[in-house]
$ cat structure_13.csv   # CSV, C-alpha atoms
chain,number,residue,atom,x,y,z
A,1,MET,CA,-17.7,7.2,-22.8
A,2,THR,CA,-20.2,10.1,-22.4
A,3,THR,CA,-23.3,10.6,-24.4
A,4,HIS,CA,-21.7,13.5,-26.2
A,5,ASP,CA,-18.7,11.3,-27.2
A,6,ARG,CA,-21.0,8.6,-28.5
A,7,ALA,CA,-23.0,11.2,-30.5
A,8,GLU,CA,-19.7,12.5,-32.1
A,9,ASN,CA,-18.5,9.0,-33.0
A,10,SER,CA,-21.9,8.2,-34.5
A,11,ALA,CA,-21.8,11.4,-36.5
A,12,PHE,CA,-18.3,10.7,-37.7
A,13,THR,CA,-19.3,7.2,-38.7
A,14,LEU,CA,-22.2,8.5,-40.7
A,15,ARG,CA,-20.0,11.1,-42.5
A,16,LEU,CA,-17.5,8.3,-43.3
A,17,LYS,CA,-20.1,6.0,-44.7
A,18,ALA,CA,-21.6,8.9,-46.7
A,19,ARG,CA,-18.1,9.7,-48.2
A,20,VAL,CA,-17.4,6.1,-49.0
A,21,ALA,CA,-20.8,5.8,-50.7
A,22,VAL,CA,-20.2,9.0,-52.7
A,23,THR,CA,-16.8,7.7,-53.7
A,24,LEU,CA,-18.0,4.2,-54.7
A,25,ALA,CA,-21.2,5.2,-56.4
A,26,PRO,CA,-19.6,6.1,-59.8
A,27,VAL,CA,-17.4,2.9,-59.7
A,28,LEU,CA,-20.1,0.4,-58.9
A,29,PRO,CA,-21.7,0.3,-62.4
A,30,THR,CA,-18.3,-0.4,-63.9
A,31,LEU,CA,-17.5,-3.1,-61.4
A,32,CYS,CA,-20.9,-4.7,-61.9
A,33,ALA,CA,-20.5,-4.6,-65.6
A,34,LEU,CA,-17.0,-6.2,-65.4
A,35,SER,CA,-18.4,-9.0,-63.2
A,36,GLY,CA,-21.3,-9.6,-65.6
A,37,ALA,CA,-18.9,-9.6,-68.6
A,38,LEU,CA,-16.6,-12.1,-66.9
A,39,LEU,CA,-19.5,-14.4,-66.1
A,40,LEU,CA,-20.8,-14.3,-69.6
A,41,PHE,CA,-17.3,-14.8,-71.0
A,42,VAL,CA,-16.9,-17.9,-68.8
A,43,LEU,CA,-20.2,-19.3,-70.1
A,44,PHE,CA,-19.0,-18.5,-73.7
A,45,LEU,CA,-15.9,-20.6,-73.1
A,46,LEU,CA,-17.7,-23.5,-71.3
A,47,VAL,CA,-20.1,-23.8,-74.3
A,48,GLN,CA,-17.0,-24.4,-76.5
A,49,GLY,CA,-15.6,-27.0,-74.1
A,50,LYS,CA,-12.6,-24.7,-73.1
A,51,PRO,CA,-11.2,-24.5,-69.6
A,52,ALA,CA,-12.7,-21.2,-68.5
A,53,THR,CA,-10.7,-20.8,-65.3
A,54,GLU,CA,-7.4,-21.4,-67.1
A,55,ALA,CA,-8.4,-18.9,-69.8
A,56,CYS,CA,-9.1,-16.2,-67.2
A,57,LEU,CA,-5.8,-16.8,-65.5
A,58,LEU,CA,-4.0,-16.7,-68.9
A,59,ILE,CA,-5.7,-13.3,-69.6
A,60,PHE,CA,-4.3,-12.0,-66.4
A,61,GLN,CA,-0.9,-13.5,-67.0
A,62,GLY,CA,-0.8,-12.2,-70.6
A,63,ALA,CA,-1.6,-8.7,-69.3
A,64,PHE,CA,0.2,-8.4,-66.0
A,65,GLY,CA,2.1,-11.6,-65.3
A,66,SER,CA,5.6,-10.5,-66.3
A,67,MET,CA,7.6,-7.5,-67.2
A,68,PHE,CA,7.2,-8.3,-70.9
A,69,ALA,CA,3.4,-8.6,-70.4
A,70,TRP,CA,3.4,-5.2,-68.6
A,71,GLN,CA,5.3,-3.6,-71.4
A,72,ASN,CA,3.0,-5.0,-74.0
A,73,THR,CA,0.0,-3.8,-72.0
A,74,LEU,CA,1.3,-0.3,-71.6
A,75,GLN,CA,2.3,-0.1,-75.3
A,76,ARG,CA,-1.3,-0.8,-76.2
A,77,ALA,CA,-2.7,1.4,-73.5
A,78,ALA,CA,-0.8,4.5,-74.7
A,79,PRO,CA,-3.0,5.3,-77.7
A,80,LEU,CA,-6.2,4.3,-75.7
A,81,LEU,CA,-5.5,7.1,-73.2
A,82,LEU,CA,-5.8,9.7,-76.0
A,83,THR,CA,-8.6,8.2,-78.0
A,84,ALA,CA,-10.7,7.8,-74.9
A,85,LEU,CA,-10.4,11.5,-74.4
A,86,CYS,CA,-11.9,11.9,-77.8
A,87,VAL,CA,-15.1,10.5,-76.3
A,88,ALA,CA,-14.8,11.9,-72.8
A,89,LEU,CA,-14.3,15.5,-73.6
A,90,PRO,CA,-17.3,15.9,-76.0
A,91,ALA,CA,-19.4,14.0,-73.4
A,92,ARG,CA,-18.8,16.9,-71.1
A,93,VAL,CA,-21.1,19.0,-73.3
A,94,GLY,CA,-23.6,16.1,-73.7
A,95,LEU,CA,-22.3,14.7,-77.0
A,96,ILE,CA,-21.6,11.0,-77.8
A,97,VAL,CA,-18.7,11.1,-80.3
A,98,ILE,CA,-17.4,7.8,-81.6
A,99,GLY,CA,-15.1,9.0,-84.4
A,100,GLY,CA,-11.8,8.7,-82.7
A,101,GLU,CA,-10.5,6.2,-85.3
A,102,GLY,CA,-10.8,8.8,-88.0
A,103,ALA,CA,-9.1,11.6,-86.0
A,104,LEU,CA,-6.3,9.2,-85.2
A,105,ALA,CA,-5.9,8.3,-88.9
A,106,MET,CA,-5.9,12.0,-90.0
A,107,GLY,CA,-3.4,12.9,-87.2
A,108,GLY,CA,-1.0,10.1,-88.1
A,109,LEU,CA,-1.2,10.8,-91.8
A,110,PHE,CA,-0.5,14.5,-91.5
A,111,ALA,CA,2.3,13.9,-89.0
A,112,ALA,CA,3.9,11.3,-91.4
A,113,VAL,CA,3.9,13.5,-94.5
A,114,LEU,CA,4.9,16.8,-92.9
A,115,PRO,CA,8.7,16.2,-93.0
A,116,SER,CA,8.4,15.6,-96.8
A,117,PHE,CA,7.1,19.2,-97.3
A,118,LEU,CA,9.5,20.9,-95.0
A,119,PRO,CA,13.3,21.3,-95.1
A,120,VAL,CA,15.5,19.3,-92.8
A,121,LEU,CA,15.0,20.7,-89.3
A,122,SER,CA,16.1,19.8,-85.8
A,123,PRO,CA,14.1,17.1,-84.2
A,124,TRP,CA,13.4,19.6,-81.3
A,125,ILE,CA,11.5,21.6,-83.9
A,126,MET,CA,10.1,19.0,-86.3
A,127,LEU,CA,8.6,16.7,-83.6
A,128,PRO,CA,6.6,19.5,-81.9
A,129,ALA,CA,5.5,20.6,-85.4
A,130,MET,CA,4.4,17.1,-86.3
A,131,ALA,CA,2.4,16.9,-83.0
A,132,ILE,CA,0.8,20.3,-83.6
A,133,VAL,CA,-0.2,19.4,-87.2
A,134,ALA,CA,-1.6,16.0,-86.0
A,135,MET,CA,-3.6,17.7,-83.3
A,136,ILE,CA,-5.0,20.3,-85.7
A,137,ALA,CA,-6.0,17.6,-88.2
A,138,GLY,CA,-7.7,15.5,-85.6
A,139,GLY,CA,-9.3,18.5,-83.9
A,140,LEU,CA,-10.8,19.9,-87.0
A,141,TRP,CA,-12.1,16.5,-88.0
A,142,ILE,CA,-14.1,16.0,-84.8
A,143,ALA,CA,-14.9,19.7,-84.5
A,144,LEU,CA,-16.9,19.3,-87.7
A,145,CYS,CA,-19.2,16.8,-85.8
A,146,GLY,CA,-19.9,19.4,-83.2
A,147,ALA,CA,-20.5,22.1,-85.8
A,148,LEU,CA,-22.9,19.8,-87.7
A,149,ARG,CA,-24.7,19.1,-84.5
A,150,GLN,CA,-25.2,22.7,-83.4
A,151,TRP,CA,-25.9,24.4,-86.7
A,152,ARG,CA,-27.5,21.7,-88.7
A,153,GLY,CA,-29.0,19.4,-86.1
A,154,VAL,CA,-27.1,16.3,-87.4
A,155,ASN,CA,-26.7,13.6,-84.7
A,156,GLU,CA,-23.1,13.7,-83.6
A,157,THR,CA,-22.9,9.9,-83.1
A,158,ILE,CA,-23.9,9.2,-86.7
A,159,SER,CA,-21.8,12.0,-88.1
A,160,SER,CA,-18.7,11.1,-86.2
A,161,LEU,CA,-19.0,7.4,-87.2
A,162,LEU,CA,-19.5,8.3,-90.9
A,163,LEU,CA,-16.7,10.9,-90.8
A,164,SER,CA,-14.5,8.1,-89.4
A,165,TYR,CA,-15.3,5.9,-92.3
A,166,ILE,CA,-14.5,8.8,-94.7
A,167,ALA,CA,-11.2,9.4,-92.9
A,168,VAL,CA,-10.1,5.8,-93.1
A,169,ALA,CA,-11.0,5.6,-96.8
A,170,LEU,CA,-9.2,8.9,-97.5
A,171,PHE,CA,-6.2,7.6,-95.5
A,172,LYS,CA,-6.0,4.4,-97.5
A,173,HIS,CA,-6.4,6.2,-100.8
A,174,LEU,CA,-3.6,8.6,-100.1
A,175,VAL,CA,-1.3,6.0,-98.6
A,176,GLU,CA,-1.8,3.6,-101.5
A,177,GLY,CA,-1.9,6.3,-104.1
A,178,PRO,CA,-0.5,9.8,-104.2
A,179,LEU,CA,1.6,9.6,-101.0
A,180,ARG,CA,2.8,6.0,-101.4
A,181,ASP,CA,6.5,5.3,-101.1
A,182,PRO,CA,7.6,3.6,-104.4
A,183,ALA,CA,9.9,1.3,-102.3
A,184,SER,CA,6.9,-0.1,-100.3
A,185,LEU,CA,5.9,-3.0,-102.4
A,186,ASN,CA,3.7,-5.5,-100.4
A,187,LYS,CA,2.8,-3.1,-97.7
A,188,PRO,CA,1.9,0.4,-99.0
A,189,SER,CA,3.1,3.2,-96.8
A,190,THR,CA,4.3,6.8,-96.9
A,191,VAL,CA,8.0,7.6,-97.1
A,192,PRO,CA,9.6,6.3,-93.9
A,193,LEU,CA,10.5,9.0,-91.4
A,194,PRO,CA,14.2,9.8,-91.0
A,195,GLU,CA,15.9,8.2,-88.0
A,196,ALA,CA,16.2,11.6,-86.2
A,197,TYR,CA,12.4,12.0,-86.3
A,198,LEU,CA,11.6,8.7,-84.6
A,199,ILE,CA,10.7,8.8,-80.9
A,200,ASN,CA,12.8,6.5,-78.7
A,201,PRO,CA,11.2,4.3,-76.0
A,202,LEU,CA,11.2,5.2,-72.3
A,203,PRO,CA,14.5,4.5,-70.6
A,204,GLY,CA,14.7,0.8,-69.6
A,205,LEU,CA,11.3,0.0,-71.1
A,206,ASP,CA,9.9,-1.1,-74.5
A,207,VAL,CA,7.2,1.5,-74.2
A,208,HIS,CA,7.1,4.8,-76.1
A,209,TRP,CA,6.7,8.3,-74.7
A,210,GLY,CA,3.1,8.4,-75.9
A,211,LEU,CA,2.2,6.7,-72.6
A,212,VAL,CA,3.6,9.6,-70.6
A,213,TRP,CA,2.0,12.3,-72.7
A,214,GLY,CA,-1.3,10.4,-72.7
A,215,ALA,CA,-1.3,10.2,-68.9
A,216,LEU,CA,-0.4,13.9,-68.7
A,217,ALA,CA,-3.2,14.7,-71.1
A,218,CYS,CA,-5.7,12.9,-68.9
A,219,VAL,CA,-4.5,14.7,-65.8
A,220,ALA,CA,-4.6,18.0,-67.7
A,221,ALA,CA,-8.1,17.3,-69.0
A,222,TRP,CA,-9.3,16.4,-65.4
A,223,ILE,CA,-7.9,19.7,-64.1
A,224,PHE,CA,-9.4,21.6,-67.0
A,225,LEU,CA,-12.9,20.1,-66.5
A,226,ARG,CA,-13.0,20.3,-62.7
A,227,HIS,CA,-11.1,23.5,-62.0
A,228,SER,CA,-11.6,25.9,-64.9
A,229,VAL,CA,-14.3,28.3,-65.8
A,230,THR,CA,-14.6,26.9,-69.3
A,231,GLY,CA,-14.8,23.3,-67.9
A,232,PHE,CA,-17.6,24.4,-65.5
A,233,ALA,CA,-19.4,26.1,-68.4
A,234,MET,CA,-19.1,22.9,-70.5
A,235,ALA,CA,-20.7,21.0,-67.6
A,236,ILE,CA,-23.7,23.4,-67.5
A,237,ALA,CA,-24.0,23.3,-71.3
A,238,GLY,CA,-24.0,19.5,-71.2
A,239,GLY,CA,-26.5,19.3,-68.4
A,240,ASN,CA,-29.1,21.6,-69.9
A,241,GLY,CA,-28.3,23.5,-73.1
A,242,ARG,CA,-31.4,25.7,-72.8
A,243,THR,CA,-30.5,26.8,-69.3
A,244,ALA,CA,-27.0,27.5,-70.4
A,245,ARG,CA,-28.2,29.8,-73.1
A,246,LEU,CA,-30.5,31.6,-70.7
A,247,VAL,CA,-27.6,32.5,-68.5
A,248,GLY,CA,-25.6,33.7,-71.5
A,249,LEU,CA,-23.2,30.9,-72.1
A,250,PRO,CA,-21.9,30.4,-75.7
A,251,VAL,CA,-23.2,26.8,-76.0
A,252,ASN,CA,-22.3,26.4,-79.7
A,253,ARG,CA,-18.7,27.6,-79.1
A,254,LEU,CA,-18.3,25.3,-76.1
A,255,VAL,CA,-19.5,22.3,-78.0
A,256,VAL,CA,-17.1,22.9,-80.9
A,257,ILE,CA,-14.2,23.5,-78.5
A,258,ALA,CA,-14.9,20.3,-76.6
A,259,CYS,CA,-15.1,18.3,-79.8
A,260,ALA,CA,-11.9,20.0,-81.1
A,261,MET,CA,-10.0,19.1,-77.9
A,262,GLY,CA,-11.1,15.5,-78.1
A,263,GLY,CA,-10.1,15.2,-81.8
A,264,ALA,CA,-6.8,16.8,-81.0
A,265,ALA,CA,-6.1,14.1,-78.4
A,266,ALA,CA,-6.9,11.4,-80.9
A,267,GLY,CA,-4.8,13.1,-83.6
A,268,LEU,CA,-1.8,13.2,-81.1
A,269,ALA,CA,-2.3,9.5,-80.6
A,270,GLY,CA,-1.8,9.0,-84.4
A,271,MET,CA,1.3,11.1,-84.3
A,272,PHE,CA,2.9,8.9,-81.6
A,273,GLU,CA,1.9,5.7,-83.4
A,274,VAL,CA,3.7,6.9,-86.5
A,275,THR,CA,6.8,8.3,-84.9
A,276,ALA,CA,7.3,5.7,-82.1
A,277,VAL,CA,5.8,2.5,-83.5
A,278,HIS,CA,5.4,2.3,-87.3
A,279,GLY,CA,7.9,4.9,-88.6
A,280,SER,CA,5.5,5.8,-91.4
A,281,ALA,CA,1.8,5.9,-92.2
A,282,ASN,CA,0.5,2.5,-93.3
A,283,SER,CA,-2.6,0.3,-92.8
A,284,ALA,CA,-1.2,-1.0,-89.5
A,285,LEU,CA,-2.0,2.4,-88.0
A,286,LEU,CA,-5.7,1.5,-88.3
A,287,ALA,CA,-5.6,-1.0,-85.5
A,288,GLY,CA,-8.9,-0.1,-83.9
A,289,TYR,CA,-7.6,2.1,-81.1
A,290,GLY,CA,-10.2,4.7,-81.8
A,291,PHE,CA,-13.0,2.2,-81.3
A,292,SER,CA,-11.4,0.7,-78.2
A,293,GLY,CA,-11.1,4.2,-76.8
A,294,ILE,CA,-15.0,4.2,-76.8
A,295,LEU,CA,-15.0,1.3,-74.5
A,296,VAL,CA,-12.3,2.8,-72.2
A,297,ALA,CA,-14.2,6.1,-71.9
A,298,PHE,CA,-17.5,4.3,-71.1
A,299,ALA,CA,-15.8,2.1,-68.5
A,300,ALA,CA,-14.2,5.2,-67.0
A,301,ARG,CA,-17.6,6.9,-67.0
A,302,GLN,CA,-16.0,9.8,-68.9
A,303,ASN,CA,-13.7,10.6,-66.0
A,304,PRO,CA,-10.2,11.5,-67.4
A,305,LEU,CA,-8.4,10.2,-64.3
A,306,ALA,CA,-10.3,6.9,-64.4
A,307,ILE,CA,-9.4,6.6,-68.1
A,308,ILE,CA,-5.8,6.0,-67.1
A,309,VAL,CA,-6.8,2.9,-65.1
A,310,CYS,CA,-9.3,1.6,-67.6
A,311,ALA,CA,-6.9,2.0,-70.5
A,312,VAL,CA,-4.4,-0.2,-68.8
A,313,VAL,CA,-7.0,-2.8,-68.1
A,314,ILE,CA,-8.4,-2.8,-71.7
A,315,GLY,CA,-4.8,-2.7,-73.1
A,316,GLY,CA,-4.0,-5.8,-71.0
A,317,VAL,CA,-7.0,-7.6,-72.3
A,318,GLU,CA,-6.0,-6.9,-75.9
A,319,ALA,CA,-2.4,-7.9,-75.1
A,320,SER,CA,-3.4,-11.3,-73.8
A,321,GLY,CA,-5.0,-12.5,-77.0
A,322,SER,CA,-1.8,-14.1,-78.4
A,323,LEU,CA,-1.3,-16.1,-75.2
A,324,LEU,CA,-4.8,-17.5,-75.4
A,325,GLN,CA,-4.1,-18.5,-79.0
A,326,ARG,CA,-0.9,-20.3,-78.1
A,327,ARG,CA,-2.0,-22.1,-74.9
A,328,LEU,CA,-5.7,-22.9,-75.6
A,329,ASP,CA,-5.8,-22.8,-79.4
A,330,LEU,CA,-8.4,-20.0,-79.2
A,331,PRO,CA,-8.6,-17.4,-81.9
A,332,ASP,CA,-6.8,-14.2,-81.2
A,333,ALA,CA,-10.1,-12.4,-81.5
A,334,THR,CA,-11.5,-14.1,-78.4
A,335,THR,CA,-10.5,-11.1,-76.3
A,336,LEU,CA,-12.7,-9.0,-78.6
A,337,VAL,CA,-15.6,-11.1,-77.4
A,338,LEU,CA,-14.8,-10.2,-73.9
A,339,GLN,CA,-14.6,-6.5,-74.8
A,340,GLY,CA,-17.9,-6.7,-76.6
A,341,LEU,CA,-19.5,-8.3,-73.5
A,342,LEU,CA,-18.0,-5.6,-71.3
A,343,PHE,CA,-19.4,-2.9,-73.5
A,344,CYS,CA,-22.9,-4.4,-73.6
A,345,ASN,CA,-22.8,-4.8,-69.8
A,346,LEU,CA,-21.7,-1.2,-69.4
A,347,LEU,CA,-24.6,0.0,-71.4
A,348,ALA,CA,-27.0,-2.2,-69.5
A,349,TRP,CA,-25.9,-1.0,-66.1
A,350,GLU,CA,-25.9,2.6,-67.3
A,351,ALA,CA,-29.5,2.2,-68.2
A,352,ILE,CA,-30.3,0.5,-64.9
A,353,THR,CA,-28.6,3.1,-62.8
A,354,GLY,CA,-30.4,5.8,-64.8
A,355,ARG,CA,-33.8,4.3,-64.2
A,356,LEU,CA,-33.0,3.7,-60.5
A,357,GLY,CA,-31.9,7.3,-60.2
A,358,ALA,CA,-35.1,8.6,-61.8
A,359,LEU,CA,-37.2,6.3,-59.7
A,360,LYS,CA,-35.5,7.4,-56.5
A,361,THR,CA,-36.1,11.1,-57.4
A,362,ARG,CA,-39.8,10.4,-58.0
A,363,TRP,CA,-40.2,8.6,-54.7
A,364,GLN,CA,-38.5,11.4,-52.9
A,365,GLN,CA,-40.8,13.9,-54.5
A,366,GLN,CA,-43.9,11.8,-53.6
A,367,ALA,CA,-42.7,11.5,-50.0
A,368,GLN,CA,-42.5,15.2,-49.6
A,369,PRO,CA,-45.4,16.8,-47.7
A,370,LEU,CA,-47.8,19.0,-49.6
A,371,PRO,CA,-47.3,22.8,-49.2
A,372,THR,CA,-49.5,24.4,-46.5
A,373,THR,CA,-51.6,26.3,-48.9
A,374,VAL,CA,-52.4,23.2,-50.9
A,375,ALA,CA,-53.1,21.2,-47.8
A,376,GLU,CA,-55.5,23.9,-46.5
A,377,THR,CA,-57.2,24.1,-49.9
A,378,SER,CA,-57.7,20.3,-49.9
A,379,HIS,CA,-59.1,20.4,-46.4
A,380,VAL,CA,-61.6,23.1,-47.3

$ encode --input "structure_13.csv" --output "structure tokens"
Amino acid sequence: MTTHDRAENSAFTLRLKARVAVTLAPVLPTLCALSGALLLFVLFLLVQGKPATEACLLIFQGAFGSMFAWQNTLQRAAPLLLTALCVALPARVGLIVIGGEGALAMGGLFAAVLPSFLPVLSPWIMLPAMAIVAMIAGGLWIALCGALRQWRGVNETISSLLLSYIAVALFKHLVEGPLRDPASLNKPSTVPLPEAYLINPLPGLDVHWGLVWGALACVAAWIFLRHSVTGFAMAIAGGNGRTARLVGLPVNRLVVIACAMGGAAAGLAGMFEVTAVHGSANSALLAGYGFSGILVAFAARQNPLAIIVCAVVIGGVEASGSLLQRRLDLPDATTLVLQGLLFCNLLAWEAITGRLGALKTRWQQQAQPLPTTVAETSHV
């Protein structure tokens, strides 16, 4: 092998290592957080005298160990795909929105009551109309957070959380009061949807079509954010709002649009839960999918494509709770402890990587030689 060939191979190896490093860099914090969460979860079980190894195996078995487990996992992952977008899309413009539960509640409620106010229509007309109304309701609810942030300086994290509480309270008031079906005695709900307006599961699976539409929404969001002018403008606005304004970008409008898109995704999740799972709007709709979507979005580091993988993982963790309860006599909420540990580890690693990045930048700046003029001045 000649010297030229060795130089080419060395350059190729360096390029390959650089590409692998660039690819794995965004994933490493999530993997480290997952490892730390599992370690703490094992310690949590050992303190209680429970077999930690068996519990971890049961979590995997309850999530992915059989076809039934896979269907249960995907059924829970379907709404998480859309509620995670409610966090990821506003994050593109620098906002931390955690009000997906409220947008889901509003979307599900409006979708459930729409057929009561319209004449009997074909399902091919009614179902898209229900989806559009749900998206509008959820989009407007979260867009309000962006508007309050831009025009009144209200912190979007606080406003989205408070608006979520208001949405849940309004949902319960309407479902248990003015919109309650008189026939629903022990479990207040709206009037059940006609059979024609219910969405059938996927062929051969006990999973509804919300999973497919959620995955398509994540792919569409990734394409929009990475390959559209508006998505690029949102990235600039999220990186530095002052610079974005200096170059003439409509930052306020971009923020509201991003929030509206995220809320619309969560509202669509509510529509699918009503039409494919519950058949009406009731308290079972408030299952915490909006809050679990926060964890999914943070684990995916706000990447819409990574949301698909993380939603399946988190959905599997939630689905395994009943198996832990049956086999090890652990509370069904034990999996919530694991999710909480994962979220804390994600925040910790996010802070660590941020500090390391800032430290690396400062070292690079200190390592740069002084400009010639400065060096000559110092010498003089």

$ residues_around --input "structure_13.csv" --residues "Pro51 in chain A" --least-positions-apart "6" --cutoff "10 Å" --atoms "all atoms listed in the file" --output "ChimeraX atom specification"
/A:42,45,328

$ atom_distance --input "structure_13.csv" --atom1 "CA of Thr73 in chain A" --atom2 "CA of Leu341 in chain A"
20.1 Å

$ residues_near_point --input "structure_13.csv" --point "(-5.3, 8.1, -95.9)" --cutoff "9 Å" --atoms "only C-alpha atoms" --output "list in words"
Ala105, Met106, Leu109, Ala167, Val168, Ala169, Leu170, Phe171, Lys172, His173, Leu174, Val175, Glu176, Leu179, Ala281, Asn282 and Ser283 of chain A

$ closest_residue --input "structure_13.csv" --among "A:Gly263, A:Gly288, A:Pro115, A:Pro304" --to "Leu216 in chain A" --atoms "all atoms listed in the file"
A:Pro304

$ residues_around --input "structure_13.csv" --residues "Ser322 in chain A" --least-positions-apart "3" --cutoff "9 Å" --atoms "all atoms listed in the file" --output "short mmCIF file (atom, residue, chain, number, x, y, z; two decimals) with C-alpha atoms, keeping the file's coordinate frame"
data_model
loop_
_atom_site.label_atom_id
_atom_site.label_comp_id
_atom_site.auth_asym_id
_atom_site.auth_seq_id
_atom_site.Cartn_x
_atom_site.Cartn_y
_atom_site.Cartn_z
CA GLY A 62 -0.80 -12.20 -70.60
CA GLU A 318 -6.00 -6.90 -75.90
CA ALA A 319 -2.40 -7.90 -75.10
CA GLN A 325 -4.10 -18.50 -79.00
CA ARG A 326 -0.90 -20.30 -78.10
CA ARG A 327 -2.00 -22.10 -74.90
CA LEU A 330 -8.40 -20.00 -79.20
CA PRO A 331 -8.60 -17.40 -81.90
CA ASP A 332 -6.80 -14.20 -81.20
#

$ atom_distance --input "structure_13.csv" --atom1 "CA of His278 in chain A" --atom2 "CA of Pro192 in chain A"
8.8 Å
